[in-house]
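**Q** Questions regarding the structure given below will be posed in turn.
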Amino acid sequence: MSDVAAVKQFVEKYKTLKLEIAKVIIGQDEVIDQILISIFSGGHSLLVGVPGLAKTLMVNTIAKALGLDFKRIQFTPDLMPSDILGSEILDEDRQFKFVKGPIFANIILADEINRTPPKTQAALLEAMQERSVTVAGHHYKLDLPYFVLATQNPIEQEGTYPLPEAQLDRFMFAINLQYPTYQEEVEVVKATTSDVKQKINPLFNAKDIVAYQQLIRRVPVADNVIEYAVSIVGKTRPKSEVAGKLVKDYIDWGAGPRASQNLILAAKTHAVINGKFSPDIEDVQAVAISILRHRIIKNYKADAEGVTEETIIKSLF
C-alpha cells in the first residue's frame with residue numbers, strides 16, 4: 001500500500017477509534033486527541049488534574065480500543081523501584097530467576113506518579129527513553145509499542161513530590177484536564193449510575209500501531225516548518241537573543257532540543273489525523289502549548305503576578 005493510501009486509511013480508522021472511545025468517555029475530546037497524537041508519534045503523556053476526572057478510565061479505555069496490553073501501577077509513598085521493574089528471586093533449583101514487574105506491557109498507566117518519591121519516579125526513566133530496563137546488571141528490551149501515560153495531581157496538593165525536570169522532559173505532552181461542562185456532567189451521571197456496561201472493541205493491534213508510527217515518521221516536512229518549530233523553542237530560553245520581554249521577565253529556564261523534535265513529530269501526526277499529507281505552521285501551533293507547558297520553568301515573579309505558561313507560550317507565536 002502506498003503512503004498516500006495508508007494516510008487515508010489511517011484517517012478513517014482514527015475516526016472510528018474516536019467513536020469507540022466516546023462510548024465510555026463523555027466529552028474531553030481535545031484531551032483524547034492529544035493522548036492519541038502522543039501514542040501515534042511514539043511519545044508519552046502526563047495527565048494533570050484533580051481526582052475524579054476519569055483519567056484512569058480514559059487511559060484504560062484507550063488501551064482497550066487500541067488492542068494493547070495494559071498495566072496500571074498505583075504510585076504511593078512506599079512504592080520501591082523493584083515493585084515497578086521486577087526483581088530476581090531464588091527458584092526451587094537455587095537459581096536466580098527474574099520476575100518481570102508491571103513495567104513490561106505496551107501501555108503503562110503510572111497513576112498519581114507524583115505521590116511517590118523521586119527515587120521511585122526515576123525507575124521509569126530508562127524505560128521511557130530507551131524502551132528497555134536494566135535489573136541486576138541484566139538488560140531487558142520492552143515490547144513495542146511502549147507508552148507511559150502518567151496521571152498527576154496538581155502539585156499544591158497534600159503529599160505530592162514534584163517530578164524532576166529530566167523526567168518531565170521525557171513526556172511529549174503535559175495535558176491539563178478541566179472539569180466537564182454542566183451538560184457533559186449530566187451525561188456522565190446518567191451513564192455511570194445505570195446497569196448498562198459498554199463493551200470496547202479493539203480496533204488496532206501492536207503491529208498496526210508500530211506501522212502507523214513509522215508512517216508518521218515518513219511524512220515529509222517543509223524546511224520552513226522545522227525552522228519555525230526550532231525558533232519557537234529557542235524563544236523560550238531567557239538568555240537567547242530572540243527571547244521576548246515576557247520570557248526574559250518570567251522564565252528561569254527554557255525548553256531543550258527534545259521539545260523541537262516533539263513539536264515536529266506531533267505536528268506530523270496532527271496533520272495526518274486531519275487528512276493532510278504534510279504539516280504546516282498551524283499544526284505546530286496546535287500542539288505547542290501541551291508540548292512546551294512542562295518544559296518552561298517560571299520564576300517567582302510569574303507566580304506572584306499570575307502569569308500562566310499558556311500566556312507565555314502564545315506570545316511566542
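By order of appearance in the C-alpha cells: chains A, B, ..., then residues from 1 within every chain, and ligands from 1 in the order shown.
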Can you tell me, as a PyMOL selection string, which residues in segment 220-294 of chain A count as helix (DSSP H, G or I) by DSSP?

**A** chain A and resi 223-234+245-250+257-273+281-292

**Q** How about saving the chosen residues, C-alpha atoms kept, as a short mmCIF file (atom, residue, chain, number, x, y, z; two decimals), in the first residue's frame?

**A**
data_model
loop_
_atom_site.label_atom_id
_atom_site.label_comp_id
_atom_site.auth_asym_id
_atom_site.auth_seq_id
_atom_site.Cartn_x
_atom_site.Cartn_y
_atom_site.Cartn_z
CA ASP A 223 12.15 23.33 6.00
CA ASN A 224 10.28 26.49 6.96
CA VAL A 225 8.02 24.47 9.32
CA ILE A 226 11.05 22.86 11.03
CA GLU A 227 12.71 26.29 11.31
CA TYR A 228 9.51 27.73 12.80
CA ALA A 229 9.33 24.94 15.43
CA VAL A 230 13.01 25.38 16.37
CA SER A 231 12.61 29.18 16.57
CA ILE A 232 9.61 28.86 18.95
CA VAL A 233 11.64 26.61 21.25
CA GLY A 234 14.63 28.99 21.02
CA LYS A 245 10.10 40.50 27.16
CA LEU A 246 7.63 38.01 28.73
CA VAL A 247 10.19 35.20 28.58
CA LYS A 248 13.03 37.35 29.98
CA ASP A 249 10.82 38.63 32.80
CA TYR A 250 9.03 35.46 33.84
CA PRO A 257 16.09 20.31 21.83
CA ARG A 258 13.73 17.43 22.71
CA ALA A 259 10.91 19.99 22.57
CA SER A 260 11.76 20.83 18.94
CA GLN A 261 11.80 17.13 17.99
CA ASN A 262 8.46 16.55 19.71
CA LEU A 263 6.89 19.63 18.08
CA ILE A 264 7.66 18.25 14.61
CA LEU A 265 6.61 14.65 15.37
CA ALA A 266 3.33 15.77 16.98
CA ALA A 267 2.68 18.28 14.15
CA LYS A 268 3.10 15.43 11.63
CA THR A 269 0.54 13.30 13.49
CA HIS A 270 -1.82 16.26 13.91
CA ALA A 271 -1.62 16.90 10.15
CA VAL A 272 -2.24 13.23 9.26
CA ILE A 273 -5.30 12.78 11.52
CA ILE A 281 2.74 26.12 10.88
CA GLU A 282 -0.86 25.79 12.16
CA ASP A 283 -0.16 22.14 13.08
CA VAL A 284 2.91 23.18 15.08
CA GLN A 285 0.86 25.83 16.93
CA ALA A 286 -1.95 23.32 17.63
CA VAL A 287 0.38 21.06 19.64
CA ALA A 288 2.81 23.68 21.04
CA ILE A 289 1.09 24.53 24.35
CA SER A 290 0.93 20.94 25.62
CA ILE A 291 4.49 20.22 24.45
CA LEU A 292 6.09 23.34 25.96
#

**Q** Which residues are close to Phe104 of chain A, i.e. within 8 Å by only C-alpha atoms, leaving aside same-chain residues fewer than 2 positions away? Reply as a PDB file with C-alpha atoms, in the first residue's frame.

**A**
ATOM      1  CA  LEU A  85      10.772  -3.103  37.248  1.00  0.00           C
ATOM      2  CA  LYS A 100       9.009  -9.187  35.466  1.00  0.00           C
ATOM      3  CA  GLY A 101       7.328  -6.195  37.052  1.00  0.00           C
ATOM      4  CA  PRO A 102       4.281  -4.322  35.698  1.00  0.00           C
ATOM      5  CA  ASN A 106       2.509  -1.855  25.929  1.00  0.00           C
ATOM      6  CA  LEU A 142      10.452  -3.864  26.257  1.00  0.00           C
ATOM      7  CA  ASP A 143       7.838  -4.866  23.673  1.00  0.00           C
TER       8      ASP A 143
END

**Q** Have a look at atom CA of His44 of chain A and atom CA of Lys276 of chain A and let me know their distance in Å, one decimal.

**A**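 Going from atom CA of His44 of chain A over to atom CA of Lys276 of chain A covers 23.4 Å.
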
**Q** Neighbouring residues of Gln34 of chain A were defined as those with any atom within 8 Å, considering only C-alpha atoms; residues of the same chain fewer than 4 positions away were excluded. Please report them as an MDAnalysis selection string.

**A** chainID A and resid 30 38 173 175 287

**Q** Keeping only C-alpha atoms, take the residues you just selected and write them out as a tab-separated table (two decimals), in the first residue's frame.

**A**
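Printed below is selection14.tsv as written:
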chain	number	residue	atom	x	y	z
A	30	GLU	CA	-9.22	17.58	22.92
A	38	SER	CA	1.36	11.21	21.50
A	173	PHE	CA	2.67	16.17	26.24
A	175	ILE	CA	-2.23	17.66	29.28
A	287	VAL	CA	0.38	21.06	19.64

**Q** Quick one: of A:Pro238, A:Gly306, A:Gly86, A:Pro145, who's nearest to Ile107 of chain A, counting only C-alpha atoms?

**A**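 Nearest to Ile107 of chain A: A:Pro145.
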
**Q** Pick out the closest residue to Ala191 of chain A from this set: A:Gly256, A:Lys13, A:Gly67, A:Lys23. Count only C-alpha atoms.

**A**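 Closest residue, counting only C-alpha atoms: A:Lys23.
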
**Q** Which residue is closest to Asp169 of chain A? Choose from A:Ser240, A:Ser82, A:Asn299, A:Gln129 and count only C-alpha atoms.

**A**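 Checking each of A:Ser240, A:Ser82, A:Asn299, A:Gln129 against Asp169 of chain A, counting only C-alpha atoms, the winner is A:Gln129.
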
**Q** Considering only C-alpha atoms, can you say which of A:Phe96, A:Tyr140, A:Tyr179, A:Tyr300 comes closest to Glu126 of chain A?

**A**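 Checking each of A:Phe96, A:Tyr140, A:Tyr179, A:Tyr300 against Glu126 of chain A, counting only C-alpha atoms, the winner is A:Tyr140.
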
**Q** Calculated over only C-alpha atoms, which of the candidates A:Ala110, A:Leu144, A:Lys97, A:Ser278 has the smallest distance to Lys207 of chain A?

**A** A:Leu144

**Q** For a quick check of understanding, using only C-alpha atoms, which of A:Ile39, A:Ile25, A:Ala243, A:Ala65 has the smallest distance to Ile200 of chain A?

**A**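 Going through A:Ile39, A:Ile25, A:Ala243, A:Ala65 one by one, the smallest distance to Ile200 of chain A is for A:Ala65.
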
**Q** What's the 12 Å shell around Leu19 of chain A, counting only C-alpha atoms, without same-chain residues fewer than 6 positions away, as a list of chain:residue names?

**A**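 Near Leu19 of chain A, the qualifying residues are A:Glu12, A:Lys13, A:Ile25, A:Ile26, A:Gly27, A:Asp29, A:Ile32, A:Asp33, A:Thr61, A:Ile62, A:Ala65, A:Ile200, A:Asn201, A:Leu203.
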
**Q** Would you output that residue set with N, CA and C atoms, as a PDB file, in the first residue's frame?

**A**
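Final output, again_4.pdb:
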ATOM      1  N   GLU A  12      -9.553   7.245   8.415  1.00  0.00           N
ATOM      2  CA  GLU A  12     -10.838   6.548   8.630  1.00  0.00           C
ATOM      3  C   GLU A  12     -10.812   5.751   9.936  1.00  0.00           C
ATOM      4  N   LYS A  13      -9.704   5.023  10.160  1.00  0.00           N
ATOM      5  CA  LYS A  13      -9.596   4.204  11.377  1.00  0.00           C
ATOM      6  C   LYS A  13      -9.560   5.091  12.625  1.00  0.00           C
ATOM      7  N   ILE A  25     -16.124   7.427  27.351  1.00  0.00           N
ATOM      8  CA  ILE A  25     -15.651   8.745  27.808  1.00  0.00           C
ATOM      9  C   ILE A  25     -16.499   9.839  27.165  1.00  0.00           C
ATOM     10  N   ILE A  26     -17.163  10.612  28.008  1.00  0.00           N
ATOM     11  CA  ILE A  26     -18.043  11.687  27.515  1.00  0.00           C
ATOM     12  C   ILE A  26     -17.263  12.996  27.542  1.00  0.00           C
ATOM     13  N   GLY A  27     -17.264  13.718  26.418  1.00  0.00           N
ATOM     14  CA  GLY A  27     -16.514  14.980  26.342  1.00  0.00           C
ATOM     15  C   GLY A  27     -15.016  14.710  26.284  1.00  0.00           C
ATOM     16  N   ASP A  29     -12.765  15.792  24.409  1.00  0.00           N
ATOM     17  CA  ASP A  29     -12.367  15.486  23.036  1.00  0.00           C
ATOM     18  C   ASP A  29     -10.923  15.884  22.747  1.00  0.00           C
ATOM     19  N   ILE A  32      -8.381  13.574  24.549  1.00  0.00           N
ATOM     20  CA  ILE A  32      -8.237  12.271  23.874  1.00  0.00           C
ATOM     21  C   ILE A  32      -7.402  12.424  22.611  1.00  0.00           C
ATOM     22  N   ASP A  33      -7.652  13.498  21.845  1.00  0.00           N
ATOM     23  CA  ASP A  33      -6.838  13.746  20.636  1.00  0.00           C
ATOM     24  C   ASP A  33      -5.352  13.842  20.993  1.00  0.00           C
ATOM     25  N   THR A  61      -9.630   2.801  28.715  1.00  0.00           N
ATOM     26  CA  THR A  61     -10.491   2.705  27.529  1.00  0.00           C
ATOM     27  C   THR A  61      -9.661   2.812  26.245  1.00  0.00           C
ATOM     28  N   ILE A  62      -8.716   3.754  26.221  1.00  0.00           N
ATOM     29  CA  ILE A  62      -7.865   3.934  25.035  1.00  0.00           C
ATOM     30  C   ILE A  62      -7.037   2.667  24.790  1.00  0.00           C
ATOM     31  N   ALA A  65      -9.304   0.006  23.259  1.00  0.00           N
ATOM     32  CA  ALA A  65      -9.667   0.313  21.866  1.00  0.00           C
ATOM     33  C   ALA A  65      -8.480   0.113  20.920  1.00  0.00           C
ATOM     34  N   ILE A 200     -15.919  -2.229  24.842  1.00  0.00           N
ATOM     35  CA  ILE A 200     -14.997  -1.571  23.916  1.00  0.00           C
ATOM     36  C   ILE A 200     -14.367  -2.627  23.013  1.00  0.00           C
ATOM     37  N   ASN A 201     -14.488  -2.431  21.707  1.00  0.00           N
ATOM     38  CA  ASN A 201     -13.907  -3.380  20.747  1.00  0.00           C
ATOM     39  C   ASN A 201     -12.507  -2.927  20.338  1.00  0.00           C
ATOM     40  N   LEU A 203      -9.709  -2.056  17.948  1.00  0.00           N
ATOM     41  CA  LEU A 203      -9.724  -1.714  16.516  1.00  0.00           C
ATOM     42  C   LEU A 203      -8.330  -1.791  15.892  1.00  0.00           C
TER      43      LEU A 203
END
